[in-house]
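Q: If you scroll down you'll find the structure; I have some questions about it.
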Amino acid sequence: MQRSAARLVEQGLATAAEVEGWAVQTRAEVEASVERARHASWPKAETLFENA
């Protein structure tokens with residue numbers, strides 16, 4: 001990811017501040033998703049093979 005970010009900046013497609021902002025936003029979204037998953041109830045056993 002760091003190489004991609006560096007390439008975006010080098011090519012003038014994004015600023016370093018934009019790339020850092022995206023990283024901060026992505027980290028926050030991942031942390032929020034993890035917290036939701038930690039507080040979610042376990043699925044019912046009878047749904048184990050649904051969509052498989």
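Each chain in the structure tokens gets a letter, A, B and so on, in the order shown; residues start at 1 in every chain, and ligands are counted from 1 in the order they appear.
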Can you list, as an mmCIF file with N, CA and C atoms, in the first residue's frame, every protein, DNA or RNA residue that comes within 9 Å of segment 20-30 of chain A when you count only C-alpha atoms, leaving out same-chain residues fewer than 5 positions away?
A:
data_model
loop_
_atom_site.group_PDB
_atom_site.id
_atom_site.type_symbol
_atom_site.label_atom_id
_atom_site.label_comp_id
_atom_site.auth_asym_id
_atom_site.auth_seq_id
_atom_site.Cartn_x
_atom_site.Cartn_y
_atom_site.Cartn_z
ATOM 1 N N ALA A 5 0.677 4.370 -2.626
ATOM 2 C CA ALA A 5 0.498 5.741 -2.154
ATOM 3 C C ALA A 5 1.609 6.627 -2.688
ATOM 4 N N THR A 15 -2.268 14.155 -3.158
ATOM 5 C CA THR A 15 -1.262 14.766 -2.287
ATOM 6 C C THR A 15 -0.978 13.815 -1.127
ATOM 7 N N GLU A 35 -15.304 -3.764 15.822
ATOM 8 C CA GLU A 35 -16.115 -3.575 17.031
ATOM 9 C C GLU A 35 -17.540 -4.088 16.836
#
